[in-house]
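Below is the file model.tsv, which contains TSV, C-alpha atoms (C1' of nucleotides).
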```
chain	number	residue	atom	x	y	z
A	3	MET	CA	40.72	22.70	-109.01
A	4	GLU	CA	42.07	23.48	-112.44
A	5	LEU	CA	39.34	22.13	-114.65
A	6	LEU	CA	36.20	23.51	-113.08
A	7	SER	CA	35.30	26.38	-110.83
A	8	GLU	CA	34.32	25.68	-107.28
A	9	ASP	CA	30.80	26.92	-108.01
A	10	LYS	CA	30.38	24.52	-110.87
A	11	LEU	CA	31.66	21.63	-108.76
A	12	ILE	CA	29.15	22.48	-106.08
A	13	ASP	CA	26.41	22.52	-108.71
A	14	MET	CA	27.54	19.12	-109.90
A	15	ALA	CA	27.38	17.73	-106.40
A	16	GLU	CA	23.88	19.16	-106.07
A	17	LEU	CA	22.83	17.49	-109.29
A	18	PHE	CA	24.16	14.07	-108.32
A	19	LYS	CA	22.64	14.44	-104.88
A	20	ILE	CA	19.23	14.39	-106.54
A	21	PHE	CA	20.01	10.98	-108.02
A	22	GLY	CA	21.38	9.84	-104.70
A	23	ASP	CA	18.12	8.84	-103.07
A	24	SER	CA	16.40	5.54	-103.72
A	25	THR	CA	12.89	6.95	-103.80
A	26	ARG	CA	13.87	9.53	-106.38
A	27	VAL	CA	15.78	6.98	-108.45
A	28	LYS	CA	12.76	4.71	-108.39
A	29	ILE	CA	10.58	7.56	-109.57
A	30	ILE	CA	12.98	8.36	-112.39
A	31	ASN	CA	13.10	4.69	-113.32
A	32	ILE	CA	9.35	4.36	-113.81
A	33	LEU	CA	9.21	7.65	-115.68
A	34	LEU	CA	11.78	6.44	-118.23
A	35	ASP	CA	9.18	5.29	-120.74
A	36	LYS	CA	5.95	7.11	-119.87
A	37	GLU	CA	4.40	9.92	-117.90
A	38	LEU	CA	2.49	9.00	-114.75
A	39	CYS	CA	0.33	10.74	-112.20
A	40	VAL	CA	1.26	11.04	-108.55
A	41	CYS	CA	-0.94	8.25	-107.28
A	42	GLU	CA	0.36	5.84	-109.92
A	43	ILE	CA	3.92	6.74	-109.00
A	44	SER	CA	3.06	6.34	-105.36
A	45	GLU	CA	1.79	2.82	-105.96
A	46	LEU	CA	4.63	1.78	-108.22
A	47	VAL	CA	7.44	2.93	-105.96
A	48	LYS	CA	5.61	1.78	-102.82
A	49	ALA	CA	5.87	5.09	-101.02
A	50	SER	CA	3.19	7.27	-99.49
A	51	GLN	CA	1.49	9.95	-101.57
A	52	SER	CA	3.05	12.59	-99.38
A	53	ALA	CA	6.58	11.21	-99.61
A	54	VAL	CA	6.28	10.99	-103.39
A	55	SER	CA	4.89	14.48	-103.62
A	56	HIS	CA	7.77	15.85	-101.59
A	57	GLN	CA	10.30	14.07	-103.77
A	58	LEU	CA	8.58	15.21	-106.95
A	59	ARG	CA	8.90	18.75	-105.73
A	60	ILE	CA	12.66	18.27	-105.40
A	61	LEU	CA	12.87	16.69	-108.86
A	62	LYS	CA	10.78	19.54	-110.25
A	63	GLN	CA	12.94	22.23	-108.61
A	64	SER	CA	16.03	20.63	-110.12
A	65	LYS	CA	14.32	20.57	-113.50
A	66	LEU	CA	14.71	16.83	-113.80
A	67	VAL	CA	10.98	16.30	-114.28
A	68	LYS	CA	8.21	18.34	-115.81
A	69	TYR	CA	4.49	18.07	-115.23
A	70	ARG	CA	1.11	18.85	-116.67
A	71	LYS	CA	-2.21	19.05	-114.90
A	72	ASP	CA	-5.27	17.31	-116.18
A	73	GLY	CA	-8.36	17.63	-114.04
A	74	ASN	CA	-7.66	16.23	-110.64
A	75	CYS	CA	-4.40	14.64	-111.67
A	76	THR	CA	-0.87	15.88	-112.18
A	77	TYR	CA	1.17	13.91	-114.69
A	78	TYR	CA	4.93	13.87	-114.33
A	79	SER	CA	7.55	12.98	-116.91
A	80	LEU	CA	11.30	13.33	-117.32
A	81	SER	CA	12.22	16.79	-118.49
A	82	ASP	CA	14.88	15.83	-121.01
A	83	ASP	CA	17.22	13.20	-122.33
A	84	HIS	CA	20.07	14.13	-120.03
A	85	VAL	CA	18.24	12.73	-117.06
A	86	LYS	CA	17.86	9.47	-118.92
A	87	LYS	CA	21.50	9.51	-119.98
A	88	ILE	CA	22.82	10.06	-116.48
A	89	PHE	CA	20.53	7.34	-115.19
A	90	MET	CA	21.66	4.92	-117.89
A	91	LEU	CA	25.33	5.61	-117.27
A	92	GLY	CA	24.93	4.85	-113.59
A	93	ARG	CA	23.22	1.62	-114.51
A	94	GLU	CA	25.99	0.78	-116.97
A	95	HIS	CA	28.64	1.42	-114.37
A	96	LEU	CA	27.03	-0.99	-111.94
A	97	ASP	CA	26.61	-3.65	-114.62
A	98	GLU	CA	30.30	-3.56	-115.31
A	99	MET	CA	31.48	-3.98	-111.75
B	29	MET	CA	9.61	-0.72	-111.39
B	30	GLU	CA	9.63	-2.69	-114.59
B	31	LEU	CA	13.08	-1.93	-115.91
B	32	LEU	CA	15.27	-2.53	-112.89
B	33	SER	CA	15.03	-4.48	-109.67
B	34	GLU	CA	14.64	-2.58	-106.44
B	35	ASP	CA	18.08	-3.76	-105.34
B	36	LYS	CA	19.71	-2.37	-108.44
B	37	LEU	CA	17.93	0.93	-108.02
B	38	ILE	CA	19.15	1.16	-104.45
B	39	ASP	CA	22.68	0.45	-105.68
B	40	MET	CA	22.31	3.21	-108.24
B	41	ALA	CA	21.20	5.67	-105.59
B	42	GLU	CA	24.21	4.64	-103.51
B	43	LEU	CA	26.52	5.26	-106.43
B	44	PHE	CA	25.13	8.70	-107.20
B	45	LYS	CA	25.20	9.57	-103.52
B	46	ILE	CA	28.99	9.30	-103.67
B	47	PHE	CA	29.06	11.99	-106.35
B	48	GLY	CA	26.60	14.06	-104.37
B	49	ASP	CA	29.04	15.73	-102.03
B	50	SER	CA	31.10	18.75	-103.00
B	51	THR	CA	34.28	17.63	-101.25
B	52	ARG	CA	34.19	14.29	-103.06
B	53	VAL	CA	33.38	15.91	-106.39
B	54	LYS	CA	36.31	18.29	-105.89
B	55	ILE	CA	38.58	15.36	-105.17
B	56	ILE	CA	37.40	13.52	-108.28
B	57	ASN	CA	37.90	16.69	-110.30
B	58	ILE	CA	41.55	17.09	-109.38
B	59	LEU	CA	42.19	13.40	-109.89
B	60	LEU	CA	40.89	13.56	-113.46
B	61	ASP	CA	44.32	14.00	-115.00
B	62	LYS	CA	46.83	12.76	-112.42
B	63	GLU	CA	47.34	10.86	-109.21
B	64	LEU	CA	47.92	12.87	-106.05
B	65	CYS	CA	48.82	12.17	-102.45
B	66	VAL	CA	46.54	13.00	-99.56
B	67	CYS	CA	48.27	16.20	-98.51
B	68	GLU	CA	48.24	17.54	-102.07
B	69	ILE	CA	44.55	16.74	-102.36
B	70	SER	CA	43.94	18.34	-99.01
B	71	GLU	CA	45.59	21.58	-100.15
B	72	LEU	CA	43.92	21.65	-103.55
B	73	VAL	CA	40.39	21.10	-102.32
B	74	LYS	CA	40.94	23.30	-99.27
B	75	ALA	CA	39.78	20.73	-96.77
B	76	SER	CA	41.50	19.32	-93.70
B	77	GLN	CA	43.68	16.24	-93.98
B	78	SER	CA	41.21	14.37	-91.83
B	79	ALA	CA	38.15	15.36	-93.84
B	80	VAL	CA	39.91	14.38	-97.06
B	81	SER	CA	41.04	11.09	-95.61
B	82	HIS	CA	37.51	10.26	-94.52
B	83	GLN	CA	36.16	11.08	-97.96
B	84	LEU	CA	38.89	9.10	-99.68
B	85	ARG	CA	37.88	6.13	-97.60
B	86	ILE	CA	34.33	6.44	-98.94
B	87	LEU	CA	35.58	6.80	-102.51
B	88	LYS	CA	37.85	3.80	-101.98
B	89	GLN	CA	35.06	1.65	-100.55
B	90	SER	CA	32.90	2.47	-103.55
B	91	LYS	CA	35.78	1.54	-105.84
B	92	LEU	CA	35.79	4.97	-107.45
B	93	VAL	CA	39.43	5.55	-106.59
B	94	LYS	CA	42.43	3.31	-106.19
B	95	TYR	CA	45.66	4.00	-104.34
B	96	ARG	CA	49.27	3.03	-104.03
B	97	LYS	CA	51.62	3.62	-101.14
B	98	ASP	CA	55.08	5.04	-101.61
B	99	GLY	CA	57.03	5.62	-98.44
B	100	ASN	CA	55.18	8.01	-96.25
B	101	CYS	CA	52.68	8.97	-98.90
B	102	THR	CA	49.55	7.40	-100.34
B	103	TYR	CA	48.79	8.31	-103.91
B	104	TYR	CA	45.19	8.23	-105.07
B	105	SER	CA	43.83	8.07	-108.60
B	106	LEU	CA	40.51	7.38	-110.29
B	107	SER	CA	39.89	3.68	-110.55
B	108	ASP	CA	38.47	3.59	-114.07
B	109	ASP	CA	37.00	5.50	-116.95
B	110	HIS	CA	33.44	5.16	-115.75
B	111	VAL	CA	34.07	7.57	-112.93
B	112	LYS	CA	35.35	10.08	-115.43
B	113	LYS	CA	32.39	9.46	-117.74
B	114	ILE	CA	29.81	9.98	-115.04
B	115	PHE	CA	31.58	13.11	-113.90
B	116	MET	CA	31.74	14.47	-117.45
B	117	LEU	CA	28.09	13.76	-118.11
B	118	GLY	CA	27.08	15.68	-115.01
B	119	ARG	CA	29.22	18.55	-116.20
B	120	GLU	CA	27.68	18.39	-119.65
B	121	HIS	CA	24.19	18.44	-118.22
B	122	LEU	CA	24.90	21.61	-116.27
B	123	ASP	CA	26.49	23.29	-119.28
B	124	GLU	CA	23.34	22.76	-121.27
B	125	MET	CA	20.92	24.17	-118.76
C	24	DT	C1'	66.28	5.26	-81.11
C	25	DA	C1'	63.96	9.64	-81.16
C	26	DA	C1'	61.60	13.01	-83.69
C	27	DG	C1'	59.11	14.44	-87.63
C	28	DT	C1'	55.95	13.72	-91.40
C	29	DA	C1'	51.97	11.49	-93.74
C	30	DT	C1'	47.89	9.11	-93.28
C	31	DA	C1'	44.00	6.71	-91.05
C	32	DT	C1'	40.39	6.37	-87.86
C	33	DG	C1'	37.03	6.49	-83.82
C	34	DA	C1'	34.01	9.53	-81.25
C	35	DA	C1'	31.32	13.49	-80.88
C	36	DC	C1'	28.70	17.05	-82.80
C	37	DA	C1'	26.15	19.85	-86.01
C	38	DG	C1'	23.64	20.22	-89.93
C	39	DA	C1'	21.07	18.07	-93.66
C	40	DT	C1'	17.45	15.13	-95.28
C	41	DA	C1'	13.48	11.84	-95.87
C	42	DT	C1'	9.38	10.34	-93.98
C	43	DT	C1'	5.11	10.83	-91.52
C	44	DC	C1'	1.16	13.23	-89.99
C	45	DA	C1'	-2.10	16.66	-90.32
C	46	DT	C1'	-4.10	19.70	-93.14
C	47	DA	C1'	-4.84	22.88	-97.03
C	48	DT	C1'	-6.12	23.46	-101.83
C	49	DA	C1'	-8.34	22.39	-105.98
C	50	DT	C1'	-11.04	19.79	-109.23
C	51	DG	C1'	-14.94	16.77	-110.55
C	52	DG	C1'	-19.30	14.68	-109.90
C	53	DA	C1'	-23.81	13.95	-107.54
D	15	DT	C1'	-23.63	23.11	-102.78
D	16	DC	C1'	-21.63	19.01	-100.70
D	17	DC	C1'	-18.58	15.29	-100.87
D	18	DA	C1'	-14.94	12.49	-102.72
D	19	DT	C1'	-10.57	12.33	-104.90
D	20	DA	C1'	-5.90	14.02	-106.12
D	21	DT	C1'	-2.16	16.67	-104.91
D	22	DA	C1'	0.72	19.89	-102.23
D	23	DT	C1'	2.84	21.44	-98.19
D	24	DG	C1'	4.33	22.84	-93.33
D	25	DA	C1'	5.90	20.99	-88.99
D	26	DA	C1'	7.90	17.50	-86.33
D	27	DT	C1'	10.87	13.69	-85.94
D	28	DA	C1'	14.30	10.28	-86.69
D	29	DT	C1'	18.08	9.10	-89.25
D	30	DC	C1'	22.03	9.95	-91.96
D	31	DT	C1'	26.20	12.37	-93.10
D	32	DG	C1'	30.34	15.36	-93.06
D	33	DT	C1'	33.51	17.73	-90.31
D	34	DT	C1'	36.44	18.35	-86.40
D	35	DC	C1'	39.30	16.87	-82.78
D	36	DA	C1'	42.21	13.74	-80.71
D	37	DT	C1'	44.95	10.10	-81.39
D	38	DA	C1'	46.94	5.92	-83.47
D	39	DT	C1'	49.89	3.93	-86.98
D	40	DA	C1'	53.64	3.71	-90.00
D	41	DC	C1'	57.48	5.24	-92.51
D	42	DT	C1'	61.75	8.24	-92.74
D	43	DT	C1'	65.57	10.55	-91.37
D	44	DA	C1'	68.82	12.49	-88.13
```

Re-express the file's structure as structure tokens.
Amino acid sequence: MELLSEDKLIDMAELFKIFGDSTRVKIINILLDKELCVCEISELVKASQSAVSHQLRILKQSKLVKYRKDGNCTYYSLSDDHVKKIFMLGREHLDEM
Amino acid sequence: MELLSEDKLIDMAELFKIFGDSTRVKIINILLDKELCVCEISELVKASQSAVSHQLRILKQSKLVKYRKDGNCTYYSLSDDHVKKIFMLGREHLDEM
DNA sequence: TAAGTATATGAACAGATATTCATATATGGA
DNA sequence: TCCATATATGAATATCTGTTCATATACTTA
């Protein structure tokens, strides 16, 4: 464990864990180009409103998505370019296998 | 789900899932610069030989590590640069938070 | 060949996690 | 105000996952 502290490694595992669920990855995927509200996300990823809401909470807590409220709706979007970068690198890796 | 097929997204989640465990991330971390045998890995990451062996199997199955046998020992190393890249990007992300 | 060392692996168990269901909260419109 | 819609959330449940323990396998050396 020369290069990184144990704490940092645990944080890294936590970060990748967020990307390690297909519902969350699907959500990230559809948020790549535009913000969407919960019910749109729910339809697009074919998961229940509740399941999506739970997963959005996890993404929110990890600061991978941000949101804004507008009337009845809550619009979610990716919080920064790093999320996109990590996503793209995973995609790249699979393409090259 | 415009950008990627559902299958590909599931594969991506599977890939990130591998990085989403602290024991595996620790193993990857110490393999960044050199190959190591199982008992060395076991000592360095402070996990039992059995736990490490199980995790190495998972890393092997996902093609994230490769190995060579030499006598009694099995030496593991990262299978390609993508593993290193993904690891580094995760690290970078955390540094910038 | 016998003993020791290194590794792998199956089974069992405990803890984590994702979904569902029911329900709460909050906003908008009639 | 009353109702519909959108979202959030707690509890329960089922499934998944990582570790341990016991043991098997294989190589090495005395």

Exercise. Residues of chain C no more than 12 Å from chain A, counting all atoms listed in the file: send them over as a list of chain:residue names.
Key: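 Per the criterion, chain C yields C:DA39, C:DT40, C:DA41, C:DT42, C:DT43, C:DC44, C:DA45, C:DT46, C:DT48, C:DA49, C:DT50, C:DG51, C:DG52.
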
Exercise. Using only C-alpha atoms (C1' of nucleotides), collect all residues at a distance of at most 12 Å from (33.9, 8.1, -85.8) as written in the file, then present them as a ChimeraX atom specification.
Key: /B:78-79,82 /C:31-36 /D:31-36

Practice problem: Please measure the separation of atom CA of Leu60 of chain B and atom CA of Val111 of chain B, giving the value in Å to one decimal. | Solution: 9.1 Å

Exercise. Would you list the contacts of Lys74 of chain B as number ranges by chain, taking every protein, DNA or RNA residue within 12 Å and counting only C-alpha atoms (C1' of nucleotides), but skipping same-chain residues closer than 2 positions in sequence?
Key: A: 3, 8; B: 50-52, 54-55, 58, 66-72, 76-80

Self-check item: Atom-to-atom span, atom CA of Ala15 of chain A and atom CA of Gly48 of chain B, Å
Solution: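 Those two atoms sit 4.3 Å apart.
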
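With atom CA of Ser105 of chain B on one side and atom CA of Glu63 of chain B on the other, the separation reads 4.5 Å.
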
Exercise. Pick out the chain B residues within 8 Å of chain A. Count all atoms listed in the file. Give them as a ChimeraX atom specification.
Key: /B:29-32,34,37-50,53-54,57-58,72-73,110,114,117-119,121-122

Atoms kept (C-alpha atoms) for selection, written as a compact mmCIF listing (two decimals), in the frame of the given file:
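What ended up in part_21.txt:
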```
# COMPACT_ATOMS: atom_id res chain seq x y z
CA MET B 29 9.61 -0.72 -111.39
CA GLU B 30 9.63 -2.69 -114.59
CA LEU B 31 13.08 -1.93 -115.91
CA LEU B 32 15.27 -2.53 -112.89
CA GLU B 34 14.64 -2.58 -106.44
CA LEU B 37 17.93 0.93 -108.02
CA ILE B 38 19.15 1.16 -104.45
CA ASP B 39 22.68 0.45 -105.68
CA MET B 40 22.31 3.21 -108.24
CA ALA B 41 21.20 5.67 -105.59
CA GLU B 42 24.21 4.64 -103.51
CA LEU B 43 26.52 5.26 -106.43
CA PHE B 44 25.13 8.70 -107.20
CA LYS B 45 25.20 9.57 -103.52
CA ILE B 46 28.99 9.30 -103.67
CA PHE B 47 29.06 11.99 -106.35
CA GLY B 48 26.60 14.06 -104.37
CA ASP B 49 29.04 15.73 -102.03
CA SER B 50 31.10 18.75 -103.00
CA VAL B 53 33.38 15.91 -106.39
CA LYS B 54 36.31 18.29 -105.89
CA ASN B 57 37.90 16.69 -110.30
CA ILE B 58 41.55 17.09 -109.38
CA LEU B 72 43.92 21.65 -103.55
CA VAL B 73 40.39 21.10 -102.32
CA HIS B 110 33.44 5.16 -115.75
CA ILE B 114 29.81 9.98 -115.04
CA LEU B 117 28.09 13.76 -118.11
CA GLY B 118 27.08 15.68 -115.01
CA ARG B 119 29.22 18.55 -116.20
CA HIS B 121 24.19 18.44 -118.22
CA LEU B 122 24.90 21.61 -116.27
```

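Look at everything within 7 Å of (-2.4, 14.4, -115.9) using only C-alpha atoms (C1' of nucleotides), and the residues you get are Cys39, Arg70, Lys71, Asp72, Cys75, Thr76 and Tyr77 of chain A.
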
Please dump the current selection as a PDB file, in the frame of the given file; keep C-alpha atoms.
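As a result, again_34.pdb now contains:
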```pdb
ATOM      1  CA  CYS A  39       0.330  10.740-112.200  1.00  0.00           C
ATOM      2  CA  ARG A  70       1.110  18.850-116.670  1.00  0.00           C
ATOM      3  CA  LYS A  71      -2.210  19.050-114.900  1.00  0.00           C
ATOM      4  CA  ASP A  72      -5.270  17.310-116.180  1.00  0.00           C
ATOM      5  CA  CYS A  75      -4.400  14.640-111.670  1.00  0.00           C
ATOM      6  CA  THR A  76      -0.870  15.880-112.180  1.00  0.00           C
ATOM      7  CA  TYR A  77       1.170  13.910-114.690  1.00  0.00           C
TER       8      TYR A  77
END
```

Quiz prompt | Closest of B:Ser81, B:Lys62, B:Tyr104, B:Leu92 to chain D - atom-to-atom distances counting only C-alpha atoms (C1' of nucleotides) | solution =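 That would be B:Ser81, the residue with the smallest distance to chain D.
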
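Residue nearest chain D within the list A:Arg59, A:Lys86, A:Leu38, A:Ser64: A:Arg59 [criterion: smallest interatomic distance, all atoms listed in the file].
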
Exercise. Identify all chain D residues at most 12 Å from chain A by counting only C-alpha atoms (C1' of nucleotides); ligands do not count. Present them as a list in words.
Key: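 Listing them in order of chain and number gives DA18, DT19, DA20, DT21, DA22, DT23, DG24 and DC30 of chain D.
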